Amino acid sequence: MLAVVIVVFLAVAAPLAVVGIASGSRMYSVTDVPAHDVAIVYGAGLQDGGPGPYLVARLIIARDLYQAGKVKVILVSGDNLTVYHNEPLAMMQWLVDQGVPADKIVEDFAGADTYSTCVRARQIFGVTSAILVSQTYHLPRAVTTCRLVGVDAVGVGDSSVRAGNRSMWISYQVREVLADAKMLASVVTSRKPILGPYDPAVDHALGR
């Protein structure tokens, strides 16, 4: 029994330690985050075909980063499960409606999870540094994941949606413990997400 407890403890403690060390001092606000060429916005689900509350909160930050001159291009990454569930398209449309030029938004249609988004940002789109945009409970894992796969990342997070449903927010925080372990396993085993040929869309949006 003691051996089982020790194994479980290490399985939880090790990923938490890695995430804490790798993401420490890399969280900022829109105002104080260092400027980067690219912001990466993670998908967070749709409601009635449009962004849900969590995703809207992320997109607001991305819009504000662009308008403040903190980023030049926004990479929106999410699921494109069916023609009726297309996160990147919905994210792009929301940003365009908010005044972000369409040619400064790049869609990643195979960002099935955080790990996939980070790996694809590096390998498919050639992103080597970025501001990551998500909720504050998710950002430490996102920043750690990107750093471990070759993207020098910092984060700007949202916590405004917590007030709307505190129990849901807490459940997501708890889920991060297991997600950290899954992420570390994916990195250690070099899990392969959906890949493909190099996409120069980010380069083009940056005028390279």
# chains A, B, ... in the order shown; residues from 1 in each chain; ligands from 1
$ residues_around --residues "range 154-160 of chain A" --least-positions-apart "5" --cutoff "12 Å" --atoms "only C-alpha atoms" --output "short mmCIF file (atom, residue, chain, number, x, y, z; two decimals) with N, CA and C atoms, in the first residue's frame"
data_model
loop_
_atom_site.label_atom_id
_atom_site.label_comp_id
_atom_site.auth_asym_id
_atom_site.auth_seq_id
_atom_site.Cartn_x
_atom_site.Cartn_y
_atom_site.Cartn_z
N ALA A 22 8.68 25.36 -15.09
CA ALA A 22 8.76 25.81 -16.48
C ALA A 22 7.92 27.04 -16.77
N SER A 23 6.82 27.20 -16.01
CA SER A 23 5.91 28.31 -16.30
C SER A 23 6.06 29.48 -15.32
N GLY A 24 6.83 29.28 -14.27
CA GLY A 24 6.98 30.34 -13.27
C GLY A 24 7.51 31.63 -13.86
N SER A 25 6.97 32.73 -13.44
CA SER A 25 7.35 34.09 -13.87
C SER A 25 7.11 34.35 -15.35
N ARG A 26 6.26 33.55 -15.97
CA ARG A 26 5.97 33.75 -17.39
C ARG A 26 4.51 34.14 -17.65
N MET A 27 3.82 34.58 -16.60
CA MET A 27 2.43 35.00 -16.72
C MET A 27 2.34 36.53 -16.65
N TYR A 28 1.61 37.10 -17.57
CA TYR A 28 1.54 38.55 -17.69
C TYR A 28 0.10 39.01 -17.91
N SER A 29 -0.07 40.32 -17.89
CA SER A 29 -1.31 40.94 -18.33
C SER A 29 -1.10 41.49 -19.74
N VAL A 30 -2.18 41.92 -20.36
CA VAL A 30 -2.07 42.53 -21.69
C VAL A 30 -1.13 43.73 -21.64
N THR A 31 -1.17 44.46 -20.55
CA THR A 31 -0.38 45.69 -20.44
C THR A 31 1.11 45.43 -20.33
N ASP A 32 1.50 44.42 -19.54
CA ASP A 32 2.94 44.26 -19.27
C ASP A 32 3.61 43.11 -20.00
N VAL A 33 2.88 42.36 -20.82
CA VAL A 33 3.51 41.25 -21.53
C VAL A 33 4.48 41.79 -22.59
N PRO A 34 5.66 41.21 -22.70
CA PRO A 34 6.59 41.62 -23.77
C PRO A 34 5.98 41.33 -25.14
N ALA A 35 6.24 42.20 -26.08
CA ALA A 35 5.69 42.03 -27.43
C ALA A 35 6.29 40.80 -28.11
N HIS A 36 5.45 40.09 -28.86
CA HIS A 36 5.86 38.95 -29.67
C HIS A 36 5.20 39.08 -31.04
N VAL A 38 3.64 36.62 -32.54
CA VAL A 38 2.47 35.74 -32.65
C VAL A 38 1.80 35.52 -31.30
N ALA A 39 0.48 35.54 -31.31
CA ALA A 39 -0.32 35.06 -30.17
C ALA A 39 -1.00 33.77 -30.60
N ILE A 40 -1.05 32.80 -29.70
CA ILE A 40 -1.76 31.55 -29.96
C ILE A 40 -2.97 31.49 -29.04
N VAL A 41 -4.15 31.33 -29.63
CA VAL A 41 -5.39 31.23 -28.86
C VAL A 41 -5.89 29.79 -28.95
N TYR A 42 -6.10 29.16 -27.81
CA TYR A 42 -6.57 27.78 -27.75
C TYR A 42 -8.09 27.73 -27.81
N PRO A 53 -18.60 31.19 -23.69
CA PRO A 53 -18.06 32.22 -22.78
C PRO A 53 -16.56 32.11 -22.53
N TYR A 54 -16.05 30.91 -22.33
CA TYR A 54 -14.61 30.75 -22.08
C TYR A 54 -13.81 31.18 -23.30
N LEU A 55 -14.28 30.80 -24.48
CA LEU A 55 -13.56 31.15 -25.70
C LEU A 55 -13.67 32.64 -26.00
N VAL A 56 -14.81 33.23 -25.76
CA VAL A 56 -14.96 34.67 -25.97
C VAL A 56 -13.97 35.43 -25.09
N ALA A 57 -13.83 35.00 -23.84
CA ALA A 57 -12.90 35.66 -22.93
C ALA A 57 -11.47 35.59 -23.46
N ARG A 58 -11.11 34.47 -24.06
CA ARG A 58 -9.77 34.34 -24.65
C ARG A 58 -9.62 35.24 -25.86
N LEU A 59 -10.66 35.29 -26.69
CA LEU A 59 -10.60 36.09 -27.90
C LEU A 59 -10.54 37.59 -27.59
N ILE A 60 -11.17 38.00 -26.52
CA ILE A 60 -11.09 39.40 -26.09
C ILE A 60 -9.64 39.77 -25.80
N ILE A 61 -8.93 38.87 -25.10
CA ILE A 61 -7.52 39.12 -24.80
C ILE A 61 -6.71 39.19 -26.09
N ALA A 62 -6.95 38.26 -27.01
CA ALA A 62 -6.23 38.26 -28.27
C ALA A 62 -6.47 39.56 -29.04
N ASP A 64 -7.31 42.44 -27.77
CA ASP A 64 -6.65 43.52 -27.05
C ASP A 64 -5.14 43.51 -27.27
N LEU A 65 -4.56 42.32 -27.34
CA LEU A 65 -3.12 42.22 -27.62
C LEU A 65 -2.80 42.79 -29.00
N LYS A 70 0.90 44.45 -29.24
CA LYS A 70 1.72 43.43 -28.58
C LYS A 70 2.01 42.24 -29.48
N THR A 128 8.37 30.01 -33.23
CA THR A 128 9.41 29.70 -32.24
C THR A 128 9.23 30.46 -30.94
N SER A 129 8.39 31.48 -30.93
CA SER A 129 8.05 32.19 -29.70
C SER A 129 6.65 32.75 -29.83
N ALA A 130 5.93 32.85 -28.71
CA ALA A 130 4.54 33.28 -28.79
C ALA A 130 4.00 33.69 -27.44
N ILE A 131 2.94 34.50 -27.48
CA ILE A 131 2.12 34.77 -26.31
C ILE A 131 0.94 33.80 -26.37
N LEU A 132 0.77 33.00 -25.34
CA LEU A 132 -0.34 32.06 -25.29
C LEU A 132 -1.52 32.68 -24.58
N VAL A 133 -2.72 32.43 -25.08
CA VAL A 133 -3.93 33.02 -24.51
C VAL A 133 -4.90 31.92 -24.13
N SER A 134 -5.28 31.91 -22.85
CA SER A 134 -6.22 30.90 -22.34
C SER A 134 -6.74 31.38 -20.99
N GLN A 135 -7.41 30.48 -20.27
CA GLN A 135 -7.78 30.79 -18.89
C GLN A 135 -6.56 30.57 -17.98
N THR A 136 -6.56 31.23 -16.84
CA THR A 136 -5.38 31.21 -15.97
C THR A 136 -5.08 29.83 -15.42
N TYR A 137 -6.08 28.97 -15.23
CA TYR A 137 -5.81 27.64 -14.70
C TYR A 137 -5.10 26.77 -15.74
N HIS A 138 -5.29 27.07 -17.02
CA HIS A 138 -4.73 26.27 -18.12
C HIS A 138 -3.37 26.76 -18.57
N LEU A 139 -3.08 28.03 -18.38
CA LEU A 139 -1.86 28.61 -18.94
C LEU A 139 -0.57 27.95 -18.48
N PRO A 140 -0.40 27.60 -17.19
CA PRO A 140 0.87 26.98 -16.81
C PRO A 140 1.18 25.73 -17.63
N ARG A 141 0.19 24.89 -17.86
CA ARG A 141 0.41 23.69 -18.67
C ARG A 141 0.69 24.06 -20.12
N ALA A 142 -0.05 25.03 -20.64
CA ALA A 142 0.15 25.44 -22.02
C ALA A 142 1.55 26.00 -22.24
N VAL A 143 1.98 26.88 -21.34
CA VAL A 143 3.32 27.46 -21.45
C VAL A 143 4.39 26.37 -21.35
N THR A 144 4.23 25.47 -20.39
CA THR A 144 5.19 24.38 -20.22
C THR A 144 5.25 23.50 -21.46
N THR A 145 4.10 23.13 -21.97
CA THR A 145 4.06 22.27 -23.15
C THR A 145 4.78 22.91 -24.32
N CYS A 146 4.45 24.16 -24.60
CA CYS A 146 5.10 24.84 -25.73
C CYS A 146 6.61 24.94 -25.52
N ARG A 147 7.03 25.27 -24.32
CA ARG A 147 8.46 25.37 -24.08
C ARG A 147 9.16 24.03 -24.28
N ASN A 165 -19.54 30.66 -13.04
CA ASN A 165 -19.79 29.29 -12.60
C ASN A 165 -18.56 28.81 -11.84
N ARG A 166 -18.53 29.07 -10.54
CA ARG A 166 -17.35 28.75 -9.74
C ARG A 166 -17.11 27.25 -9.65
N TRP A 169 -15.34 26.13 -12.75
CA TRP A 169 -13.96 26.61 -12.71
C TRP A 169 -13.11 25.70 -11.82
N ILE A 170 -13.63 25.35 -10.66
CA ILE A 170 -12.89 24.48 -9.74
C ILE A 170 -12.67 23.10 -10.36
N GLN A 173 -9.84 23.31 -12.68
CA GLN A 173 -8.58 23.37 -11.95
C GLN A 173 -8.12 21.99 -11.49
#
$ residues_around --residues "Met91 in chain A" --least-positions-apart "6" --cutoff "8 Å" --atoms "only C-alpha atoms" --output "ChimeraX atom specification"
/A:50-51,59,76
$ write_last_selection --atoms "N, CA, C and O atoms" --output "PDB file, in the first residue's frame"
ATOM      1  N   GLY A  50     -21.153  29.503 -32.346  1.00  0.00           N
ATOM      2  CA  GLY A  50     -20.216  30.585 -32.054  1.00  0.00           C
ATOM      3  C   GLY A  50     -19.413  30.298 -30.801  1.00  0.00           C
ATOM      4  O   GLY A  50     -19.682  29.328 -30.087  1.00  0.00           O
ATOM      5  N   PRO A  51     -18.437  31.132 -30.511  1.00  0.00           N
ATOM      6  CA  PRO A  51     -17.613  30.911 -29.323  1.00  0.00           C
ATOM      7  C   PRO A  51     -18.432  30.956 -28.045  1.00  0.00           C
ATOM      8  O   PRO A  51     -19.296  31.824 -27.875  1.00  0.00           O
ATOM      9  N   LEU A  59     -10.656  35.287 -26.688  1.00  0.00           N
ATOM     10  CA  LEU A  59     -10.597  36.092 -27.900  1.00  0.00           C
ATOM     11  C   LEU A  59     -10.535  37.586 -27.585  1.00  0.00           C
ATOM     12  O   LEU A  59      -9.898  38.356 -28.314  1.00  0.00           O
ATOM     13  N   VAL A  76      -5.188  30.987 -34.351  1.00  0.00           N
ATOM     14  CA  VAL A  76      -6.329  30.405 -33.632  1.00  0.00           C
ATOM     15  C   VAL A  76      -6.333  28.905 -33.882  1.00  0.00           C
ATOM     16  O   VAL A  76      -6.324  28.441 -35.017  1.00  0.00           O
TER      17      VAL A  76
END
$ closest_atom_pairs --of "range 38-117 of chain A" --to "range 191-201 of chain A" --cutoff "12 Å" --atoms "only C-alpha atoms" --output "JSON lines"
{"residue": "A:Val38", "atom": "CA", "partner": "A:Ala201", "partner_atom": "CA", "distance": 11.9}
{"residue": "A:Val73", "atom": "CA", "partner": "A:Ala201", "partner_atom": "CA", "distance": 10.0}
{"residue": "A:Ile74", "atom": "CA", "partner": "A:Ala201", "partner_atom": "CA", "distance": 11.0}
{"residue": "A:Leu75", "atom": "CA", "partner": "A:Ala201", "partner_atom": "CA", "distance": 9.6}
{"residue": "A:Asp79", "atom": "CA", "partner": "A:Ile194", "partner_atom": "CA", "distance": 11.5}
{"residue": "A:Ala102", "atom": "CA", "partner": "A:Ala201", "partner_atom": "CA", "distance": 11.9}
{"residue": "A:Asp103", "atom": "CA", "partner": "A:Ala201", "partner_atom": "CA", "distance": 9.3}
{"residue": "A:Lys104", "atom": "CA", "partner": "A:Ala201", "partner_atom": "CA", "distance": 9.4}
{"residue": "A:Ile105", "atom": "CA", "partner": "A:Ala201", "partner_atom": "CA", "distance": 9.0}
{"residue": "A:Val106", "atom": "CA", "partner": "A:Ala201", "partner_atom": "CA", "distance": 6.4}
{"residue": "A:Glu107", "atom": "CA", "partner": "A:Ala201", "partner_atom": "CA", "distance": 8.7}
{"residue": "A:Asp108", "atom": "CA", "partner": "A:Asp199", "partner_atom": "CA", "distance": 9.9}
{"residue": "A:Phe109", "atom": "CA", "partner": "A:Ile194", "partner_atom": "CA", "distance": 9.9}
{"residue": "A:Ala110", "atom": "CA", "partner": "A:Ile194", "partner_atom": "CA", "distance": 6.6}
{"residue": "A:Gly111", "atom": "CA", "partner": "A:Ile194", "partner_atom": "CA", "distance": 8.5}
{"residue": "A:Ala112", "atom": "CA", "partner": "A:Pro193", "partner_atom": "CA", "distance": 8.3}
{"residue": "A:Asp113", "atom": "CA", "partner": "A:Pro193", "partner_atom": "CA", "distance": 9.1}
{"residue": "A:Thr114", "atom": "CA", "partner": "A:Pro193", "partner_atom": "CA", "distance": 10.4}
{"residue": "A:Tyr115", "atom": "CA", "partner": "A:Pro193", "partner_atom": "CA", "distance": 8.0}
{"residue": "A:Ser116", "atom": "CA", "partner": "A:Pro193", "partner_atom": "CA", "distance": 5.3}
{"residue": "A:Thr117", "atom": "CA", "partner": "A:Pro193", "partner_atom": "CA", "distance": 8.7}
$ write_last_selection --atoms "N, CA and C atoms" --output "tab-separated table (two decimals), in the first residue's frame"
chain	number	residue	atom	x	y	z
A	38	VAL	N	3.64	36.62	-32.54
A	38	VAL	CA	2.47	35.74	-32.65
A	38	VAL	C	1.80	35.52	-31.30
A	73	VAL	N	0.34	38.85	-35.37
A	73	VAL	CA	-0.47	37.79	-35.97
A	73	VAL	C	-1.10	36.97	-34.86
A	74	ILE	N	-2.33	36.52	-35.09
A	74	ILE	CA	-3.03	35.66	-34.13
A	74	ILE	C	-3.26	34.30	-34.76
A	75	LEU	N	-2.74	33.26	-34.12
A	75	LEU	CA	-2.95	31.89	-34.56
A	75	LEU	C	-4.07	31.30	-33.72
A	79	ASP	N	-10.54	22.51	-32.75
A	79	ASP	CA	-11.11	21.36	-33.45
A	79	ASP	C	-11.91	21.79	-34.67
A	102	ALA	N	-8.40	40.15	-41.33
A	102	ALA	CA	-8.43	38.71	-41.60
A	102	ALA	C	-7.06	38.19	-42.02
A	103	ASP	N	-6.27	39.04	-42.68
A	103	ASP	CA	-4.96	38.57	-43.13
A	103	ASP	C	-3.92	38.54	-42.02
A	104	LYS	N	-4.33	38.89	-40.80
A	104	LYS	CA	-3.46	38.79	-39.64
A	104	LYS	C	-3.90	37.66	-38.71
A	105	ILE	N	-4.81	36.83	-39.19
A	105	ILE	CA	-5.30	35.69	-38.42
A	105	ILE	C	-5.00	34.42	-39.21
A	106	VAL	N	-4.42	33.44	-38.54
A	106	VAL	CA	-4.11	32.16	-39.16
A	106	VAL	C	-4.88	31.07	-38.41
A	107	GLU	N	-5.51	30.17	-39.16
A	107	GLU	CA	-6.32	29.11	-38.56
A	107	GLU	C	-5.55	27.79	-38.54
A	108	ASP	N	-5.55	27.15	-37.39
A	108	ASP	CA	-5.02	25.80	-37.24
A	108	ASP	C	-6.20	24.88	-36.95
A	109	PHE	N	-6.54	24.03	-37.91
A	109	PHE	CA	-7.74	23.21	-37.82
A	109	PHE	C	-7.52	21.88	-37.13
A	110	ALA	N	-6.30	21.61	-36.66
A	110	ALA	CA	-6.02	20.31	-36.04
A	110	ALA	C	-5.47	20.47	-34.63
A	111	GLY	N	-5.89	21.53	-33.94
A	111	GLY	CA	-5.47	21.72	-32.56
A	111	GLY	C	-6.39	20.97	-31.62
A	112	ALA	N	-6.31	19.65	-31.66
A	112	ALA	CA	-7.23	18.82	-30.90
A	112	ALA	C	-7.05	18.93	-29.40
A	113	ASP	N	-5.84	19.25	-28.97
A	113	ASP	CA	-5.57	19.45	-27.56
A	113	ASP	C	-4.37	20.38	-27.42
A	114	THR	N	-4.01	20.71	-26.19
A	114	THR	CA	-2.93	21.67	-25.96
A	114	THR	C	-1.62	21.20	-26.56
A	115	TYR	N	-1.31	19.94	-26.36
A	115	TYR	CA	-0.06	19.38	-26.90
A	115	TYR	C	-0.03	19.49	-28.42
A	116	SER	N	-1.13	19.13	-29.06
A	116	SER	CA	-1.20	19.19	-30.52
A	116	SER	C	-1.00	20.61	-31.02
A	117	THR	N	-1.64	21.56	-30.36
A	117	THR	CA	-1.51	22.95	-30.77
A	117	THR	C	-0.06	23.41	-30.69
$ select_by_dssp --residues "range 93-180 of chain A" --states "strand (DSSP E)" --output "ChimeraX atom specification"
/A:105-108,129-135,152-158
$ select_by_dssp --residues "range 125-163 of chain A" --states "alpha helix (DSSP H)" --output "list in words"
Leu139, Pro140, Arg141, Ala142, Val143, Thr144, Thr145, Cys146, Arg147 and Leu148 of chain A
